[in-house]
Structure formats: C-alpha cells, structure tokens
file work_7.csv (CSV, C-alpha atoms)
chain,number,residue,atom,x,y,z
A,178,MET,CA,0.0,0.0,0.0
A,179,SER,CA,1.1,3.5,-0.7
A,180,LEU,CA,-0.4,6.6,0.9
A,181,SER,CA,-0.1,10.1,-0.6
A,182,LEU,CA,-1.2,13.3,1.2
A,183,SER,CA,-2.3,16.5,-0.5
A,184,HIS,CA,-4.1,19.6,0.7
A,185,ASP,CA,-6.7,21.7,-1.0
A,186,GLY,CA,-7.5,24.5,1.3
A,187,ALA,CA,-8.9,23.1,4.5
A,188,VAL,CA,-9.3,19.6,3.0
A,189,SER,CA,-6.6,17.0,3.5
A,190,ARG,CA,-6.8,14.3,0.8
A,191,ILE,CA,-5.3,10.8,1.4
A,192,ARG,CA,-4.9,8.7,-1.8
A,193,VAL,CA,-4.6,5.0,-1.1
A,194,VAL,CA,-3.1,2.7,-3.7
A,195,GLY,CA,-2.7,-1.0,-3.5
A,196,GLU,CA,-3.7,-3.4,-0.7
A,197,ILE,CA,-4.9,-2.5,2.8
A,198,ASP,CA,-4.4,-5.5,5.0
A,199,MET,CA,-3.3,-6.4,8.5
A,200,SER,CA,0.3,-5.5,7.8
A,201,ASN,CA,-0.3,-1.8,6.9
A,202,ALA,CA,-3.9,-0.7,7.9
A,203,HIS,CA,-2.5,1.0,11.0
A,204,LEU,CA,-0.6,3.4,8.8
A,205,LEU,CA,-3.8,4.9,7.4
A,206,THR,CA,-5.1,5.4,11.0
A,207,GLU,CA,-1.8,6.9,12.1
A,208,LEU,CA,-1.9,9.4,9.2
A,209,VAL,CA,-5.5,10.4,10.0
A,210,GLU,CA,-4.5,10.8,13.7
A,211,PHE,CA,-1.7,13.1,12.6
A,212,LEU,CA,-4.2,15.2,10.6
A,213,CYS,CA,-6.4,15.5,13.6
A,214,ARG,CA,-3.9,17.9,15.2
A,215,THR,CA,-5.4,20.7,13.1
A,216,PRO,CA,-8.6,22.2,14.3
A,217,THR,CA,-11.8,20.7,12.6
A,218,PRO,CA,-10.0,18.4,10.1
A,219,LEU,CA,-11.8,17.7,6.9
A,220,VAL,CA,-10.2,14.4,5.6
A,221,VAL,CA,-11.0,12.7,2.3
A,222,VAL,CA,-9.7,9.2,1.7
A,223,ASP,CA,-9.6,8.3,-2.0
A,224,LEU,CA,-10.1,4.5,-2.3
A,225,ALA,CA,-10.4,4.3,-6.1
A,226,ALA,CA,-7.0,2.5,-6.5
A,227,VAL,CA,-7.4,0.0,-3.7
A,228,ARG,CA,-7.0,-3.6,-4.9
A,229,PHE,CA,-7.5,-5.5,-1.6
A,230,PHE,CA,-9.5,-4.4,1.3
A,231,GLY,CA,-9.6,-6.7,4.3
A,232,ALA,CA,-11.1,-6.7,7.8
A,233,HIS,CA,-8.2,-4.6,9.1
A,234,ALA,CA,-9.0,-2.0,6.5
A,235,VAL,CA,-12.6,-1.8,7.7
A,236,SER,CA,-11.4,-1.4,11.3
A,237,ALA,CA,-8.8,1.3,10.2
A,238,LEU,CA,-11.5,3.4,8.5
A,239,LEU,CA,-13.9,3.1,11.4
A,240,ALA,CA,-11.1,4.1,13.8
A,241,ALA,CA,-10.1,7.0,11.5
A,242,GLY,CA,-13.6,8.2,11.3
A,243,HIS,CA,-13.9,8.1,15.1
A,244,LEU,CA,-10.7,10.1,15.5
A,245,VAL,CA,-11.8,12.8,13.2
A,246,ALA,CA,-15.3,13.0,14.7
A,247,GLU,CA,-13.8,13.3,18.2
A,248,VAL,CA,-12.2,16.6,17.2
A,249,GLY,CA,-15.2,17.9,15.4
A,250,GLY,CA,-14.0,17.1,11.9
A,251,ARG,CA,-15.4,14.9,9.0
A,252,LEU,CA,-13.9,11.9,7.2
A,253,THR,CA,-15.3,11.1,3.7
A,254,LEU,CA,-14.5,8.1,1.5
A,255,ARG,CA,-14.1,9.1,-2.1
A,256,ASP,CA,-14.6,6.8,-5.1
A,257,PRO,CA,-14.5,3.4,-3.3
A,258,SER,CA,-14.4,0.6,-5.8
A,259,PRO,CA,-17.3,-1.8,-6.1
A,260,PHE,CA,-15.1,-4.4,-4.3
A,261,VAL,CA,-14.5,-2.0,-1.3
A,262,LEU,CA,-18.2,-1.2,-1.2
A,263,ARG,CA,-19.0,-4.9,-1.1
A,264,VAL,CA,-16.7,-5.5,1.8
A,265,LEU,CA,-18.0,-2.5,3.7
A,266,GLY,CA,-21.6,-3.6,3.0
A,267,VAL,CA,-21.0,-7.2,4.1
A,268,ALA,CA,-19.3,-5.8,7.3
A,269,GLY,CA,-22.5,-3.7,7.9
A,270,VAL,CA,-20.6,-0.4,8.3
A,271,LEU,CA,-21.8,1.6,5.2
A,272,GLY,CA,-24.2,3.5,7.4
A,273,HIS,CA,-21.3,4.7,9.6
A,274,LEU,CA,-19.2,6.2,6.8
A,275,ASN,CA,-19.6,9.2,4.6
A,276,LEU,CA,-19.3,8.2,0.9
A,277,HIS,CA,-18.7,10.5,-2.1
A,278,GLY,CA,-18.4,9.6,-5.7
A,279,THR,CA,-19.9,6.1,-5.8
A,280,SER,CA,-22.0,4.7,-8.6
A,281,THR,CA,-23.7,2.3,-6.2
A,282,PRO,CA,-27.5,2.6,-5.8
A,283,ASN,CA,-28.7,4.7,-2.8
A,284,ALA,CA,-29.9,1.6,-0.9
A,285,ALA,CA,-26.4,0.1,-0.9
A,286,ARG,CA,-24.8,3.4,-0.1
A,287,VAL,CA,-27.0,4.5,2.8
A,288,GLY,CA,-28.6,1.4,4.2
A,289,GLY,CA,-25.6,-0.9,4.1
A,290,VAL,CA,-27.5,-3.4,2.0
A,291,VAL,CA,-25.4,-4.9,-0.8
A,292,PRO,CA,-27.0,-7.4,-3.1
A,293,PRO,CA,-25.4,-10.9,-2.8
A,294,LEU,CA,-23.2,-12.3,-5.4
A,295,PRO,CA,-24.8,-14.9,-7.8
A,296,ARG,CA,-24.3,-18.5,-6.7
A,297,ARG,CA,-23.3,-21.3,-8.9
A,298,ALA,CA,-25.5,-24.4,-8.9
A,299,ALA,CA,-24.1,-27.1,-6.7
A,300,PRO,CA,-23.6,-30.5,-8.2
A,301,PRO,CA,-26.2,-33.2,-7.2
A,302,ARG,CA,-25.3,-35.0,-4.1
A,303,GLN,CA,-25.2,-38.8,-3.8
A,304,PRO,CA,-27.4,-40.4,-1.1
A,305,LEU,CA,-25.6,-41.5,2.0
A,306,GLY,CA,-24.5,-45.1,1.9
A,307,THR,CA,-24.2,-45.3,-1.9
A,308,SER,CA,-21.2,-45.1,-4.1
A,309,VAL,CA,-20.8,-44.2,-7.7
A,310,ALA,CA,-19.3,-47.7,-8.5
A,311,ALA,CA,-22.3,-49.5,-7.0
A,312,GLN,CA,-24.8,-47.9,-9.3
A,313,PRO,CA,-25.7,-49.9,-12.5
call {"tool": "encode", "arguments": {"input": "work_7.csv", "output": "structure tokens"}}
result
Amino acid sequence: MSLSLSHDGAVSRIRVVGEIDMSNAHLLTELVEFLCRTPTPLVVVDLAAVRFFGAHAVSALLAAGHLVAEVGGRLTLRDPSPFVLRVLGVAGVLGHLNLHGTSTPNAARVGGVVPPLPRRAAPPRQPLGTSVAAQP
C-alpha cells in the first residue's frame, strides 16, 4: 500500500493505492491521527485504486472516522471501488461512513444493503451409503 497526502485549502486528501491489510492498515489510521492535530479536520480518503480491502482496513476506516469525529471534523470516503463497497456492505458499516463519488444505488450506499453475489448451482449429491461404483 502507498499513501499520498495532499491539501486543497482546509481539506486533506489521502490517496490510497494497493492493498490495505493487517500489515499496513494501521498506517492509514496513524496518518489520520496526525491530521487530527489541526482544528476541525476535513479528511477525504480516496479509495479508487485499492486492490485488496480486508477486515483490518474496515477497522482502520472506522477508527479514523472516530478520531476525526472526536475533534469535530469529518472523514469522507471518495470513489470506493465496487469491491471496497461490497466489503463495507458485508461488514455492515456503510451507514457509519460518509461516501462520495460512488456509482452504487442509494440503498447500498446508505442502508448498508449490498446485493449478494450470484451463486453457482451445486452438483447433485449422492445419497448417503451409496457409491458411484455400486450404481448400474
């Protein structure tokens, strides 16, 4: 994962590229914590280039949002990929995050409801006690 920080007036923009996992998610939280030293931080986290987003990434975003809220600021997620949205939806945290720039329907953005992935049909099961070789 790489993080880049830029400022546009009062807004701090963090661009995340690559994979956010257990080995590096804390770096995102630490950067947001650093930004919370300014009065009323406005932080935008750009997730458009994230390729992997694990449980530690979810925890890092929730912690970052909490840190910013504690000092009266606002954290916004910008352009999360469909994959990131799916993980956030499955984790049930979409309603706790501010999103901007998503192409996901309002129900998925606001309510945390993400439609399930289509399932493949399972192969037919053999009855217990029978084997393939015993059938005529």
call {"tool": "atom_distance", "arguments": {"input": "work_7.csv", "atom1": "CA of Ser189 in chain A", "atom2": "CA of Val221 in chain A"}}
result
6.3 Å
call {"tool": "residues_around", "arguments": {"input": "work_7.csv", "residues": "range 190-195 of chain A", "least_positions_apart": "3", "cutoff": "10 Å", "atoms": "only C-alpha atoms", "output": "list in words"}}
result
Met178, Ser179, Leu180, Ser181, Leu182, Ser183, His184, Asp185, Ala187, Asp198, Leu205, Leu208, Val209, Leu219, Val220, Val221, Val222, Asp223, Leu224, Ala225, Ala226, Val227, Arg228, Phe229, Phe230, Leu252, Thr253, Leu254 and Arg255 of chain A
call {"tool": "residues_around", "arguments": {"input": "work_7.csv", "residues": "Val264 in chain A", "least_positions_apart": "5", "cutoff": "9 Å", "atoms": "only C-alpha atoms", "output": "list in words"}}
result
Phe230, Gly231, Ala232, Val235, Pro259 and Gly269 of chain A
call {"tool": "closest_residue", "arguments": {"input": "work_7.csv", "among": "A:Thr206, A:Gly278, A:Ala237, A:Gly272", "to": "Pro257 in chain A", "atoms": "only C-alpha atoms"}}
result
A:Gly278
call {"tool": "atom_distance", "arguments": {"input": "work_7.csv", "atom1": "CA of Ala240 in chain A", "atom2": "CA of Cys213 in chain A"}}
result
12.3 Å
call {"tool": "axis_aligned_box", "arguments": {"input": "work_7.csv", "around": "range 193-209 of chain A", "padding_each_side": "6 Å", "output": "JSON"}}
result
{"center_x": -2.6, "center_y": 2.0, "center_z": 4.2, "size_x": 17.8, "size_y": 28.8, "size_z": 27.8}
call {"tool": "closest_residue", "arguments": {"input": "work_7.csv", "among": "A:Thr217, A:Ser236, A:Asp256, A:Phe211", "to": "Met199 in chain A", "atoms": "only C-alpha atoms"}}
result
A:Ser236
call {"tool": "residues_around", "arguments": {"input": "work_7.csv", "residues": "Val248 in chain A", "least_positions_apart": "3", "cutoff": "10 Å", "atoms": "all atoms listed in the file", "output": "MDAnalysis selection string"}}
result
chainID A and resid 213:218 243:245 251
